file protein.pdb (PDB, N, CA and C atoms)
ATOM      1  N   MET S   1      11.318   6.710 -10.814
ATOM      2  CA  MET S   1      10.346   5.890 -11.512
ATOM      3  C   MET S   1      10.656   4.405 -11.335
ATOM      4  N   THR S   2      11.933   4.046 -11.389
ATOM      5  CA  THR S   2      12.311   2.646 -11.235
ATOM      6  C   THR S   2      12.018   2.160  -9.823
ATOM      7  N   TYR S   3      12.276   3.020  -8.817
ATOM      8  CA  TYR S   3      11.990   2.640  -7.439
ATOM      9  C   TYR S   3      10.495   2.386  -7.243
ATOM     10  N   ASP S   4       9.666   3.220  -7.878
ATOM     11  CA  ASP S   4       8.221   3.022  -7.794
ATOM     12  C   ASP S   4       7.831   1.663  -8.356
ATOM     13  N   LEU S   5       8.352   1.332  -9.522
ATOM     14  CA  LEU S   5       7.996   0.077 -10.183
ATOM     15  C   LEU S   5       8.449  -1.132  -9.368
ATOM     16  N   VAL S   6       9.663  -1.082  -8.859
ATOM     17  CA  VAL S   6      10.176  -2.192  -8.046
ATOM     18  C   VAL S   6       9.372  -2.329  -6.763
ATOM     19  N   SER S   7       9.132  -1.229  -6.074
ATOM     20  CA  SER S   7       8.388  -1.272  -4.813
ATOM     21  C   SER S   7       6.964  -1.769  -5.020
ATOM     22  N   LEU S   8       6.289  -1.240  -6.037
ATOM     23  CA  LEU S   8       4.913  -1.659  -6.295
ATOM     24  C   LEU S   8       4.844  -3.106  -6.760
ATOM     25  N   SER S   9       5.857  -3.584  -7.470
ATOM     26  CA  SER S   9       5.894  -4.989  -7.883
ATOM     27  C   SER S   9       6.048  -5.912  -6.680
ATOM     28  N   ILE S  10       6.904  -5.538  -5.748
ATOM     29  CA  ILE S  10       7.074  -6.346  -4.533
ATOM     30  C   ILE S  10       5.782  -6.345  -3.714
ATOM     31  N   ILE S  11       5.145  -5.198  -3.598
ATOM     32  CA  ILE S  11       3.886  -5.115  -2.863
ATOM     33  C   ILE S  11       2.830  -5.983  -3.533
ATOM     34  N   MET S  12       2.803  -5.974  -4.870
ATOM     35  CA  MET S  12       1.837  -6.790  -5.603
ATOM     36  C   MET S  12       2.081  -8.278  -5.352
ATOM     37  N   MET S  13       3.347  -8.702  -5.366
ATOM     38  CA  MET S  13       3.658 -10.108  -5.123
ATOM     39  C   MET S  13       3.265 -10.526  -3.702
ATOM     40  N   ILE S  14       3.482  -9.650  -2.741
ATOM     41  CA  ILE S  14       3.083  -9.942  -1.367
ATOM     42  C   ILE S  14       1.558 -10.035  -1.269
ATOM     43  N   ALA S  15       0.855  -9.122  -1.946
ATOM     44  CA  ALA S  15      -0.603  -9.124  -1.907
ATOM     45  C   ALA S  15      -1.187 -10.377  -2.554
ATOM     46  N   VAL S  16      -0.500 -10.946  -3.530
ATOM     47  CA  VAL S  16      -0.958 -12.183  -4.164
ATOM     48  C   VAL S  16      -0.601 -13.395  -3.303
ATOM     49  N   ALA S  17       0.569 -13.366  -2.670
ATOM     50  CA  ALA S  17       1.046 -14.524  -1.909
ATOM     51  C   ALA S  17       0.318 -14.702  -0.581
ATOM     52  N   CYS S  18      -0.069 -13.611   0.073
ATOM     53  CA  CYS S  18      -0.671 -13.713   1.409
ATOM     54  C   CYS S  18      -1.973 -14.512   1.429
ATOM     55  N   PRO S  19      -2.919 -14.307   0.517
ATOM     56  CA  PRO S  19      -4.127 -15.152   0.557
ATOM     57  C   PRO S  19      -3.821 -16.625   0.295
ATOM     58  N   ILE S  20      -2.847 -16.883  -0.563
ATOM     59  CA  ILE S  20      -2.471 -18.273  -0.845
ATOM     60  C   ILE S  20      -1.879 -18.922   0.401
ATOM     61  N   ILE S  21      -1.008 -18.192   1.087
ATOM     62  CA  ILE S  21      -0.378 -18.728   2.299
ATOM     63  C   ILE S  21      -1.415 -18.963   3.391
ATOM     64  N   THR S  22      -2.361 -18.037   3.556
ATOM     65  CA  THR S  22      -3.369 -18.217   4.608
ATOM     66  C   THR S  22      -4.298 -19.385   4.302
ATOM     67  N   GLN S  23      -4.515 -19.689   3.025
ATOM     68  CA  GLN S  23      -5.333 -20.847   2.672
ATOM     69  C   GLN S  23      -4.606 -22.154   2.967
ATOM     70  N   LEU S  24      -3.287 -22.129   2.939
ATOM     71  CA  LEU S  24      -2.503 -23.335   3.203
ATOM     72  C   LEU S  24      -2.367 -23.647   4.684
ATOM     73  N   ILE S  25      -2.628 -22.663   5.551
ATOM     74  CA  ILE S  25      -2.519 -22.866   6.994
ATOM     75  C   ILE S  25      -3.786 -23.568   7.486
ATOM     76  N   PRO S  26      -3.645 -24.751   8.056
ATOM     77  CA  PRO S  26      -4.846 -25.446   8.554
ATOM     78  C   PRO S  26      -5.394 -24.771   9.814
ATOM     79  N   GLY S  27      -6.682 -24.639   9.883
ATOM     80  CA  GLY S  27      -7.318 -24.047  11.054
ATOM     81  C   GLY S  27      -7.335 -22.529  11.060
ATOM     82  N   LYS S  28      -6.688 -21.893  10.100
ATOM     83  CA  LYS S  28      -6.649 -20.424   9.961
ATOM     84  C   LYS S  28      -6.328 -19.734  11.280
ATOM     85  N   LEU S  29      -5.163 -20.021  11.796
ATOM     86  CA  LEU S  29      -4.757 -19.403  13.053
ATOM     87  C   LEU S  29      -4.336 -17.951  12.882
ATOM     88  N   MET S  30      -3.995 -17.564  11.650
ATOM     89  CA  MET S  30      -3.497 -16.217  11.396
ATOM     90  C   MET S  30      -4.345 -15.540  10.312
ATOM     91  N   PRO S  31      -4.937 -14.390  10.601
ATOM     92  CA  PRO S  31      -5.689 -13.684   9.560
ATOM     93  C   PRO S  31      -4.753 -13.142   8.473
ATOM     94  N   GLN S  32      -5.304 -12.940   7.316
ATOM     95  CA  GLN S  32      -4.523 -12.455   6.176
ATOM     96  C   GLN S  32      -3.944 -11.068   6.440
ATOM     97  N   THR S  33      -4.671 -10.227   7.155
ATOM     98  CA  THR S  33      -4.200  -8.873   7.438
ATOM     99  C   THR S  33      -2.916  -8.888   8.254
ATOM    100  N   VAL S  34      -2.833  -9.787   9.213
ATOM    101  CA  VAL S  34      -1.621  -9.890  10.033
ATOM    102  C   VAL S  34      -0.439 -10.285   9.166
ATOM    103  N   LEU S  35      -0.652 -11.234   8.267
ATOM    104  CA  LEU S  35       0.414 -11.674   7.376
ATOM    105  C   LEU S  35       0.865 -10.549   6.444
ATOM    106  N   LEU S  36      -0.087  -9.768   5.946
ATOM    107  CA  LEU S  36       0.265  -8.619   5.098
ATOM    108  C   LEU S  36       1.110  -7.605   5.865
ATOM    109  N   LEU S  37       0.731  -7.329   7.107
ATOM    110  CA  LEU S  37       1.488  -6.375   7.915
ATOM    111  C   LEU S  37       2.887  -6.896   8.249
ATOM    112  N   VAL S  38       3.003  -8.192   8.513
ATOM    113  CA  VAL S  38       4.308  -8.778   8.822
ATOM    114  C   VAL S  38       5.224  -8.705   7.610
ATOM    115  N   PHE S  39       4.711  -9.097   6.439
ATOM    116  CA  PHE S  39       5.526  -9.016   5.226
ATOM    117  C   PHE S  39       5.890  -7.571   4.885
ATOM    118  N   GLY S  40       4.947  -6.643   5.117
ATOM    119  CA  GLY S  40       5.241  -5.231   4.886
ATOM    120  C   GLY S  40       6.346  -4.722   5.785
ATOM    121  N   ALA S  41       6.333  -5.158   7.037
ATOM    122  CA  ALA S  41       7.381  -4.739   7.970
ATOM    123  C   ALA S  41       8.729  -5.353   7.598
ATOM    124  N   ILE S  42       8.709  -6.599   7.147
ATOM    125  CA  ILE S  42       9.965  -7.273   6.793
ATOM    126  C   ILE S  42      10.588  -6.670   5.543
ATOM    127  N   PHE S  43       9.777  -6.458   4.504
ATOM    128  CA  PHE S  43      10.312  -5.955   3.235
ATOM    129  C   PHE S  43      10.450  -4.440   3.210
ATOM    130  N   GLY S  44       9.935  -3.749   4.209
ATOM    131  CA  GLY S  44       9.959  -2.290   4.255
ATOM    132  C   GLY S  44      11.336  -1.713   4.525
ATOM    133  N   PRO S  45      11.402  -0.400   4.712
ATOM    134  CA  PRO S  45      12.690   0.280   4.822
ATOM    135  C   PRO S  45      13.456   0.019   6.120
ATOM    136  N   PHE S  46      12.848  -0.640   7.100
ATOM    137  CA  PHE S  46      13.533  -0.797   8.380
ATOM    138  C   PHE S  46      14.229  -2.139   8.558
ATOM    139  N   ILE S  47      13.854  -3.164   7.760
ATOM    140  CA  ILE S  47      14.507  -4.472   7.921
ATOM    141  C   ILE S  47      15.287  -4.833   6.654
ATOM    142  N   LEU S  48      14.595  -5.230   5.581
ATOM    143  CA  LEU S  48      15.291  -5.630   4.348
ATOM    144  C   LEU S  48      15.510  -4.477   3.373
ATOM    145  N   ASP S  49      14.770  -3.408   3.515
ATOM    146  CA  ASP S  49      14.886  -2.219   2.664
ATOM    147  C   ASP S  49      14.688  -2.539   1.181
ATOM    148  N   LYS S  50      13.693  -3.378   0.883
ATOM    149  CA  LYS S  50      13.370  -3.714  -0.506
ATOM    150  C   LYS S  50      12.240  -2.866  -1.061
ATOM    151  N   ILE S  51      11.441  -2.278  -0.178
ATOM    152  CA  ILE S  51      10.346  -1.402  -0.601
ATOM    153  C   ILE S  51      10.701   0.010  -0.167
ATOM    154  N   TRP S  52      10.851   0.894  -1.142
ATOM    155  CA  TRP S  52      11.185   2.283  -0.857
ATOM    156  C   TRP S  52       9.905   3.079  -0.728
ATOM    157  N   VAL S  53       9.860   3.979   0.235
ATOM    158  CA  VAL S  53       8.677   4.798   0.464
ATOM    159  C   VAL S  53       8.715   5.972  -0.506
ATOM    160  N   THR S  54       7.925   5.868  -1.563
ATOM    161  CA  THR S  54       7.785   6.926  -2.557
ATOM    162  C   THR S  54       6.342   7.427  -2.523
ATOM    163  N   LYS S  55       6.035   8.378  -3.362
ATOM    164  CA  LYS S  55       4.667   8.912  -3.401
ATOM    165  C   LYS S  55       3.664   7.831  -3.799
ATOM    166  N   ALA S  56       4.038   6.971  -4.750
ATOM    167  CA  ALA S  56       3.136   5.907  -5.179
ATOM    168  C   ALA S  56       2.891   4.901  -4.060
ATOM    169  N   VAL S  57       3.918   4.580  -3.310
ATOM    170  CA  VAL S  57       3.778   3.641  -2.194
ATOM    171  C   VAL S  57       2.957   4.277  -1.077
ATOM    172  N   GLU S  58       3.149   5.557  -0.828
ATOM    173  CA  GLU S  58       2.334   6.254   0.172
ATOM    174  C   GLU S  58       0.863   6.242  -0.220
ATOM    175  N   LEU S  59       0.577   6.474  -1.501
ATOM    176  CA  LEU S  59      -0.800   6.446  -1.987
ATOM    177  C   LEU S  59      -1.409   5.071  -1.774
ATOM    178  N   LEU S  60      -0.685   4.048  -2.141
ATOM    179  CA  LEU S  60      -1.178   2.682  -1.972
ATOM    180  C   LEU S  60      -1.369   2.344  -0.499
ATOM    181  N   SER S  61      -0.487   2.819   0.343
ATOM    182  CA  SER S  61      -0.589   2.576   1.781
ATOM    183  C   SER S  61      -1.839   3.225   2.371
ATOM    184  N   GLU S  62      -2.080   4.465   2.010
ATOM    185  CA  GLU S  62      -3.263   5.165   2.522
ATOM    186  C   GLU S  62      -4.548   4.507   2.040
ATOM    187  N   LEU S  63      -4.582   4.111   0.778
ATOM    188  CA  LEU S  63      -5.773   3.439   0.259
ATOM    189  C   LEU S  63      -5.973   2.087   0.932
ATOM    190  N   GLY S  64      -4.885   1.369   1.168
ATOM    191  CA  GLY S  64      -4.983   0.079   1.838
ATOM    192  C   GLY S  64      -5.507   0.203   3.253
ATOM    193  N   LEU S  65      -5.045   1.199   3.983
ATOM    194  CA  LEU S  65      -5.548   1.411   5.343
ATOM    195  C   LEU S  65      -7.016   1.802   5.346
ATOM    196  N   ALA S  66      -7.419   2.603   4.377
ATOM    197  CA  ALA S  66      -8.828   2.989   4.298
ATOM    198  C   ALA S  66      -9.700   1.774   3.980
ATOM    199  N   PHE S  67      -9.221   0.903   3.096
ATOM    200  CA  PHE S  67      -9.971  -0.320   2.808
ATOM    201  C   PHE S  67     -10.000  -1.247   4.020
ATOM    202  N   LEU S  68      -8.904  -1.324   4.736
ATOM    203  CA  LEU S  68      -8.817  -2.197   5.901
ATOM    204  C   LEU S  68      -9.840  -1.807   6.963
ATOM    205  N   PHE S  69      -9.961  -0.528   7.223
ATOM    206  CA  PHE S  69     -10.880  -0.061   8.246
ATOM    207  C   PHE S  69     -12.240   0.334   7.683
ATOM    208  N   GLN S  70     -12.468   0.053   6.401
ATOM    209  CA  GLN S  70     -13.733   0.324   5.716
ATOM    210  C   GLN S  70     -14.178   1.776   5.881
ATOM    211  N   LEU S  71     -13.269   2.670   5.587
ATOM    212  CA  LEU S  71     -13.547   4.099   5.714
ATOM    213  C   LEU S  71     -13.865   4.681   4.340
ATOM    214  N   ASP S  72     -15.110   4.532   3.912
ATOM    215  CA  ASP S  72     -15.511   5.008   2.595
ATOM    216  C   ASP S  72     -15.409   6.523   2.486
ATOM    217  N   VAL S  73     -15.674   7.221   3.565
ATOM    218  CA  VAL S  73     -15.585   8.677   3.556
ATOM    219  C   VAL S  73     -14.142   9.108   3.319
ATOM    220  N   VAL S  74     -13.213   8.414   3.968
ATOM    221  CA  VAL S  74     -11.803   8.736   3.796
ATOM    222  C   VAL S  74     -11.373   8.467   2.362
ATOM    223  N   LEU S  75     -11.846   7.366   1.782
ATOM    224  CA  LEU S  75     -11.511   7.068   0.391
ATOM    225  C   LEU S  75     -12.023   8.147  -0.552
ATOM    226  N   GLY S  76     -13.248   8.617  -0.318
ATOM    227  CA  GLY S  76     -13.804   9.668  -1.154
ATOM    228  C   GLY S  76     -13.030  10.972  -1.027
ATOM    229  N   ALA S  77     -12.696  11.341   0.178
ATOM    230  CA  ALA S  77     -11.931  12.573   0.399
ATOM    231  C   ALA S  77     -10.526  12.454  -0.177
ATOM    232  N   PHE S  78      -9.937  11.285  -0.033
ATOM    233  CA  PHE S  78      -8.594  11.065  -0.571
ATOM    234  C   PHE S  78      -8.608  11.146  -2.091
ATOM    235  N   ALA S  79      -9.611  10.539  -2.721
ATOM    236  CA  ALA S  79      -9.723  10.589  -4.180
ATOM    237  C   ALA S  79      -9.956  12.023  -4.653
ATOM    238  N   ALA S  80     -10.778  12.777  -3.936
ATOM    239  CA  ALA S  80     -11.025  14.170  -4.308
ATOM    240  C   ALA S  80      -9.752  14.997  -4.195
ATOM    241  N   GLY S  81      -8.991  14.794  -3.135
ATOM    242  CA  GLY S  81      -7.726  15.508  -2.978
ATOM    243  C   GLY S  81      -6.720  15.132  -4.043
ATOM    244  N   PHE S  82      -6.691  13.869  -4.402
ATOM    245  CA  PHE S  82      -5.776  13.393  -5.445
ATOM    246  C   PHE S  82      -6.118  14.025  -6.789
ATOM    247  N   ILE S  83      -7.401  14.116  -7.107
ATOM    248  CA  ILE S  83      -7.838  14.728  -8.369
ATOM    249  C   ILE S  83      -7.544  16.221  -8.360
ATOM    250  N   LEU S  84      -7.812  16.896  -7.248
ATOM    251  CA  LEU S  84      -7.535  18.331  -7.166
ATOM    252  C   LEU S  84      -6.048  18.630  -7.303
ATOM    253  N   ARG S  85      -5.195  17.750  -6.828
ATOM    254  CA  ARG S  85      -3.746  17.950  -6.946
ATOM    255  C   ARG S  85      -3.328  17.966  -8.411
ATOM    256  N   PHE S  86      -3.971  17.150  -9.239
ATOM    257  CA  PHE S  86      -3.637  17.129 -10.663
ATOM    258  C   PHE S  86      -4.289  18.275 -11.429
ATOM    259  N   VAL S  87      -5.458  18.716 -10.971
ATOM    260  CA  VAL S  87      -6.136  19.819 -11.639
ATOM    261  C   VAL S  87      -5.428  21.134 -11.346
ATOM    262  N   THR S  88      -5.029  21.335 -10.098
ATOM    263  CA  THR S  88      -4.331  22.550  -9.688
ATOM    264  C   THR S  88      -2.987  22.180  -9.056
ATOM    265  N   PRO S  89      -1.974  21.862  -9.861
ATOM    266  CA  PRO S  89      -0.713  21.398  -9.291
ATOM    267  C   PRO S  89       0.034  22.441  -8.461
ATOM    268  N   ASN S  90      -0.150  23.720  -8.752
ATOM    269  CA  ASN S  90       0.539  24.761  -8.003
ATOM    270  C   ASN S  90      -0.238  25.259  -6.806
ATOM    271  N   GLY S  91      -1.445  24.774  -6.623
ATOM    272  CA  GLY S  91      -2.265  25.202  -5.516
ATOM    273  C   GLY S  91      -3.123  26.424  -5.827
ATOM    274  N   ASN S  92      -3.020  26.961  -7.048
ATOM    275  CA  ASN S  92      -3.836  28.111  -7.438
ATOM    276  C   ASN S  92      -5.178  27.641  -7.951
ATOM    277  N   ILE S  93      -6.229  28.070  -7.277
ATOM    278  CA  ILE S  93      -7.582  27.690  -7.709
ATOM    279  C   ILE S  93      -8.111  28.721  -8.695
ATOM    280  N   HIS S  94      -7.634  29.941  -8.629
ATOM    281  CA  HIS S  94      -8.161  31.010  -9.483
ATOM    282  C   HIS S  94      -7.566  30.907 -10.861
TER     283      HIS S  94
END
call {"tool": "encode", "arguments": {"input": "protein.pdb", "output": "structure tokens"}}
result
Amino acid sequence: MTYDLVSLSIIMMIAVACPIITQLIPGKLMPQTVLLLVFGAIFGPFILDKIWVTKAVELLSELGLAFLFQLDVVLGAFAAGFILRFVTPNGNIH
């Protein structure tokens, strides 16, 4: 639980800082998405290891990618699967 909170807090701070940083760059040479991906790679488990890959981080990652590529169908299917997981946690539908 603590790892989730720390990881999601760092992701939140990065998500708030990236639009501010891109507004400060004159001429907008770098899109915000590139900056988000760079910060994600730096703070992720392969360089600084400040963001741990947990179920909550995986959920946020999948939703972020779906928003990035504007995949509304994927978001709907993902939300339906997420709800079904809580309704039937053992996989029994009957």
call {"tool": "closest_residue", "arguments": {"input": "protein.pdb", "among": "S:Ala79, S:Leu71, S:Leu36, S:Val57", "to": "Cys18 (chain S)", "atoms": "only N, CA and C atoms"}}
result
S:Leu36
call {"tool": "resolve_selection", "arguments": {"input": "protein.pdb", "expression": "the PyMOL selection byres (((chain S and resi 4-17 and name CA) around 7) and name CA)", "output": "PyMOL selection string"}}
result
chain S and resi 1-3+18-21+51-52+54+56-57
call {"tool": "write_last_selection", "arguments": {"input": "protein.pdb", "atoms": "N, CA and C atoms", "output": "tab-separated table (two decimals), in the coordinates of the input"}}
result
chain	number	residue	atom	x	y	z
S	1	MET	N	11.32	6.71	-10.81
S	1	MET	CA	10.35	5.89	-11.51
S	1	MET	C	10.66	4.40	-11.34
S	2	THR	N	11.93	4.05	-11.39
S	2	THR	CA	12.31	2.65	-11.24
S	2	THR	C	12.02	2.16	-9.82
S	3	TYR	N	12.28	3.02	-8.82
S	3	TYR	CA	11.99	2.64	-7.44
S	3	TYR	C	10.50	2.39	-7.24
S	18	CYS	N	-0.07	-13.61	0.07
S	18	CYS	CA	-0.67	-13.71	1.41
S	18	CYS	C	-1.97	-14.51	1.43
S	19	PRO	N	-2.92	-14.31	0.52
S	19	PRO	CA	-4.13	-15.15	0.56
S	19	PRO	C	-3.82	-16.62	0.30
S	20	ILE	N	-2.85	-16.88	-0.56
S	20	ILE	CA	-2.47	-18.27	-0.84
S	20	ILE	C	-1.88	-18.92	0.40
S	21	ILE	N	-1.01	-18.19	1.09
S	21	ILE	CA	-0.38	-18.73	2.30
S	21	ILE	C	-1.42	-18.96	3.39
S	51	ILE	N	11.44	-2.28	-0.18
S	51	ILE	CA	10.35	-1.40	-0.60
S	51	ILE	C	10.70	0.01	-0.17
S	52	TRP	N	10.85	0.89	-1.14
S	52	TRP	CA	11.18	2.28	-0.86
S	52	TRP	C	9.90	3.08	-0.73
S	54	THR	N	7.92	5.87	-1.56
S	54	THR	CA	7.78	6.93	-2.56
S	54	THR	C	6.34	7.43	-2.52
S	56	ALA	N	4.04	6.97	-4.75
S	56	ALA	CA	3.14	5.91	-5.18
S	56	ALA	C	2.89	4.90	-4.06
S	57	VAL	N	3.92	4.58	-3.31
S	57	VAL	CA	3.78	3.64	-2.19
S	57	VAL	C	2.96	4.28	-1.08
call {"tool": "select_by_dssp", "arguments": {"input": "protein.pdb", "residues": "region 20-84 of chain S", "states": "helix (DSSP H, G or I)", "output": "PyMOL selection string"}}
result
chain S and resi 20-24+32-43+55-68+72-84
call {"tool": "closest_residue", "arguments": {"input": "protein.pdb", "among": "S:Val87, S:Asp49, S:Lys28, S:Glu62", "to": "Leu75 (chain S)", "atoms": "only N, CA and C atoms"}}
result
S:Glu62
call {"tool": "atom_distance", "arguments": {"input": "protein.pdb", "atom1": "CA of Leu65 (chain S)", "atom2": "atom C of Thr88 (chain S)"}}
result
25.4 Å
call {"tool": "atom_distance", "arguments": {"input": "protein.pdb", "atom1": "CA of Leu68 (chain S)", "atom2": "atom N of Val34 (chain S)"}}
result
10.2 Å
call {"tool": "axis_aligned_box", "arguments": {"input": "protein.pdb", "around": "region 11-26 of chain S", "padding_each_side": "3 Å", "output": "JSON"}}
result
{"center_x": -0.1, "center_y": -15.3, "center_z": 2.1, "size_x": 16.5, "size_y": 26.3, "size_z": 21.4}
call {"tool": "atom_distance", "arguments": {"input": "protein.pdb", "atom1": "CA of Ala66 (chain S)", "atom2": "atom N of Phe78 (chain S)"}}
result
9.4 Å
call {"tool": "decode", "arguments": {"input": "protein.pdb", "residues": "region 63-92 of chain S", "atoms": "N, CA and C atoms", "output": "PDB file, in the first residue's frame"}}
result
ATOM      1  N   LEU S  63      -4.374   3.167 -18.652  1.00  0.00           N
ATOM      2  CA  LEU S  63      -5.325   4.246 -18.921  1.00  0.00           C
ATOM      3  C   LEU S  63      -4.638   5.416 -19.616  1.00  0.00           C
ATOM      4  N   GLY S  64      -3.418   5.725 -19.203  1.00  0.00           N
ATOM      5  CA  GLY S  64      -2.677   6.808 -19.835  1.00  0.00           C
ATOM      6  C   GLY S  64      -2.378   6.528 -21.293  1.00  0.00           C
ATOM      7  N   LEU S  65      -1.995   5.306 -21.606  1.00  0.00           N
ATOM      8  CA  LEU S  65      -1.742   4.949 -23.005  1.00  0.00           C
ATOM      9  C   LEU S  65      -3.011   5.000 -23.839  1.00  0.00           C
ATOM     10  N   ALA S  66      -4.120   4.581 -23.257  1.00  0.00           N
ATOM     11  CA  ALA S  66      -5.386   4.637 -23.990  1.00  0.00           C
ATOM     12  C   ALA S  66      -5.788   6.089 -24.254  1.00  0.00           C
ATOM     13  N   PHE S  67      -5.573   6.962 -23.273  1.00  0.00           N
ATOM     14  CA  PHE S  67      -5.863   8.380 -23.492  1.00  0.00           C
ATOM     15  C   PHE S  67      -4.913   8.984 -24.521  1.00  0.00           C
ATOM     16  N   LEU S  68      -3.664   8.587 -24.483  1.00  0.00           N
ATOM     17  CA  LEU S  68      -2.669   9.118 -25.408  1.00  0.00           C
ATOM     18  C   LEU S  68      -3.037   8.809 -26.855  1.00  0.00           C
ATOM     19  N   PHE S  69      -3.452   7.592 -27.111  1.00  0.00           N
ATOM     20  CA  PHE S  69      -3.788   7.191 -28.466  1.00  0.00           C
ATOM     21  C   PHE S  69      -5.275   7.332 -28.773  1.00  0.00           C
ATOM     22  N   GLN S  70      -6.025   7.942 -27.857  1.00  0.00           N
ATOM     23  CA  GLN S  70      -7.457   8.200 -28.013  1.00  0.00           C
ATOM     24  C   GLN S  70      -8.234   6.935 -28.372  1.00  0.00           C
ATOM     25  N   LEU S  71      -8.011   5.909 -27.593  1.00  0.00           N
ATOM     26  CA  LEU S  71      -8.670   4.625 -27.825  1.00  0.00           C
ATOM     27  C   LEU S  71      -9.849   4.477 -26.867  1.00  0.00           C
ATOM     28  N   ASP S  72     -10.980   5.064 -27.231  1.00  0.00           N
ATOM     29  CA  ASP S  72     -12.155   5.025 -26.371  1.00  0.00           C
ATOM     30  C   ASP S  72     -12.677   3.607 -26.190  1.00  0.00           C
ATOM     31  N   VAL S  73     -12.563   2.791 -27.212  1.00  0.00           N
ATOM     32  CA  VAL S  73     -13.022   1.410 -27.123  1.00  0.00           C
ATOM     33  C   VAL S  73     -12.190   0.651 -26.095  1.00  0.00           C
ATOM     34  N   VAL S  74     -10.884   0.892 -26.112  1.00  0.00           N
ATOM     35  CA  VAL S  74     -10.004   0.230 -25.157  1.00  0.00           C
ATOM     36  C   VAL S  74     -10.333   0.677 -23.740  1.00  0.00           C
ATOM     37  N   LEU S  75     -10.608   1.966 -23.558  1.00  0.00           N
ATOM     38  CA  LEU S  75     -10.976   2.457 -22.232  1.00  0.00           C
ATOM     39  C   LEU S  75     -12.255   1.805 -21.729  1.00  0.00           C
ATOM     40  N   GLY S  76     -13.244   1.662 -22.611  1.00  0.00           N
ATOM     41  CA  GLY S  76     -14.490   1.024 -22.221  1.00  0.00           C
ATOM     42  C   GLY S  76     -14.296  -0.441 -21.855  1.00  0.00           C
ATOM     43  N   ALA S  77     -13.535  -1.146 -22.645  1.00  0.00           N
ATOM     44  CA  ALA S  77     -13.273  -2.562 -22.363  1.00  0.00           C
ATOM     45  C   ALA S  77     -12.451  -2.721 -21.089  1.00  0.00           C
ATOM     46  N   PHE S  78     -11.503  -1.829 -20.896  1.00  0.00           N
ATOM     47  CA  PHE S  78     -10.673  -1.886 -19.691  1.00  0.00           C
ATOM     48  C   PHE S  78     -11.514  -1.621 -18.451  1.00  0.00           C
ATOM     49  N   ALA S  79     -12.400  -0.630 -18.520  1.00  0.00           N
ATOM     50  CA  ALA S  79     -13.275  -0.322 -17.386  1.00  0.00           C
ATOM     51  C   ALA S  79     -14.218  -1.489 -17.101  1.00  0.00           C
ATOM     52  N   ALA S  80     -14.744  -2.118 -18.143  1.00  0.00           N
ATOM     53  CA  ALA S  80     -15.630  -3.266 -17.950  1.00  0.00           C
ATOM     54  C   ALA S  80     -14.887  -4.423 -17.298  1.00  0.00           C
ATOM     55  N   GLY S  81     -13.670  -4.684 -17.737  1.00  0.00           N
ATOM     56  CA  GLY S  81     -12.869  -5.744 -17.127  1.00  0.00           C
ATOM     57  C   GLY S  81     -12.521  -5.441 -15.686  1.00  0.00           C
ATOM     58  N   PHE S  82     -12.234  -4.192 -15.402  1.00  0.00           N
ATOM     59  CA  PHE S  82     -11.909  -3.776 -14.034  1.00  0.00           C
ATOM     60  C   PHE S  82     -13.108  -3.971 -13.113  1.00  0.00           C
ATOM     61  N   ILE S  83     -14.296  -3.622 -13.583  1.00  0.00           N
ATOM     62  CA  ILE S  83     -15.518  -3.789 -12.786  1.00  0.00           C
ATOM     63  C   ILE S  83     -15.823  -5.268 -12.593  1.00  0.00           C
ATOM     64  N   LEU S  84     -15.685  -6.069 -13.644  1.00  0.00           N
ATOM     65  CA  LEU S  84     -15.944  -7.504 -13.523  1.00  0.00           C
ATOM     66  C   LEU S  84     -14.979  -8.174 -12.555  1.00  0.00           C
ATOM     67  N   ARG S  85     -13.755  -7.699 -12.475  1.00  0.00           N
ATOM     68  CA  ARG S  85     -12.774  -8.271 -11.545  1.00  0.00           C
ATOM     69  C   ARG S  85     -13.230  -8.080 -10.105  1.00  0.00           C
ATOM     70  N   PHE S  86     -13.869  -6.953  -9.811  1.00  0.00           N
ATOM     71  CA  PHE S  86     -14.356  -6.713  -8.452  1.00  0.00           C
ATOM     72  C   PHE S  86     -15.673  -7.427  -8.171  1.00  0.00           C
ATOM     73  N   VAL S  87     -16.490  -7.609  -9.207  1.00  0.00           N
ATOM     74  CA  VAL S  87     -17.760  -8.298  -9.023  1.00  0.00           C
ATOM     75  C   VAL S  87     -17.533  -9.790  -8.830  1.00  0.00           C
ATOM     76  N   THR S  88     -16.639 -10.368  -9.622  1.00  0.00           N
ATOM     77  CA  THR S  88     -16.322 -11.790  -9.533  1.00  0.00           C
ATOM     78  C   THR S  88     -14.822 -11.965  -9.291  1.00  0.00           C
ATOM     79  N   PRO S  89     -14.351 -11.777  -8.059  1.00  0.00           N
ATOM     80  CA  PRO S  89     -12.913 -11.828  -7.816  1.00  0.00           C
ATOM     81  C   PRO S  89     -12.275 -13.197  -8.047  1.00  0.00           C
ATOM     82  N   ASN S  90     -13.030 -14.274  -7.887  1.00  0.00           N
ATOM     83  CA  ASN S  90     -12.478 -15.607  -8.085  1.00  0.00           C
ATOM     84  C   ASN S  90     -12.623 -16.116  -9.500  1.00  0.00           C
ATOM     85  N   GLY S  91     -13.282 -15.362 -10.351  1.00  0.00           N
ATOM     86  CA  GLY S  91     -13.483 -15.774 -11.718  1.00  0.00           C
ATOM     87  C   GLY S  91     -14.747 -16.602 -11.928  1.00  0.00           C
ATOM     88  N   ASN S  92     -15.505 -16.862 -10.856  1.00  0.00           N
ATOM     89  CA  ASN S  92     -16.751 -17.617 -10.978  1.00  0.00           C
ATOM     90  C   ASN S  92     -17.887 -16.684 -11.335  1.00  0.00           C
TER      91      ASN S  92
END
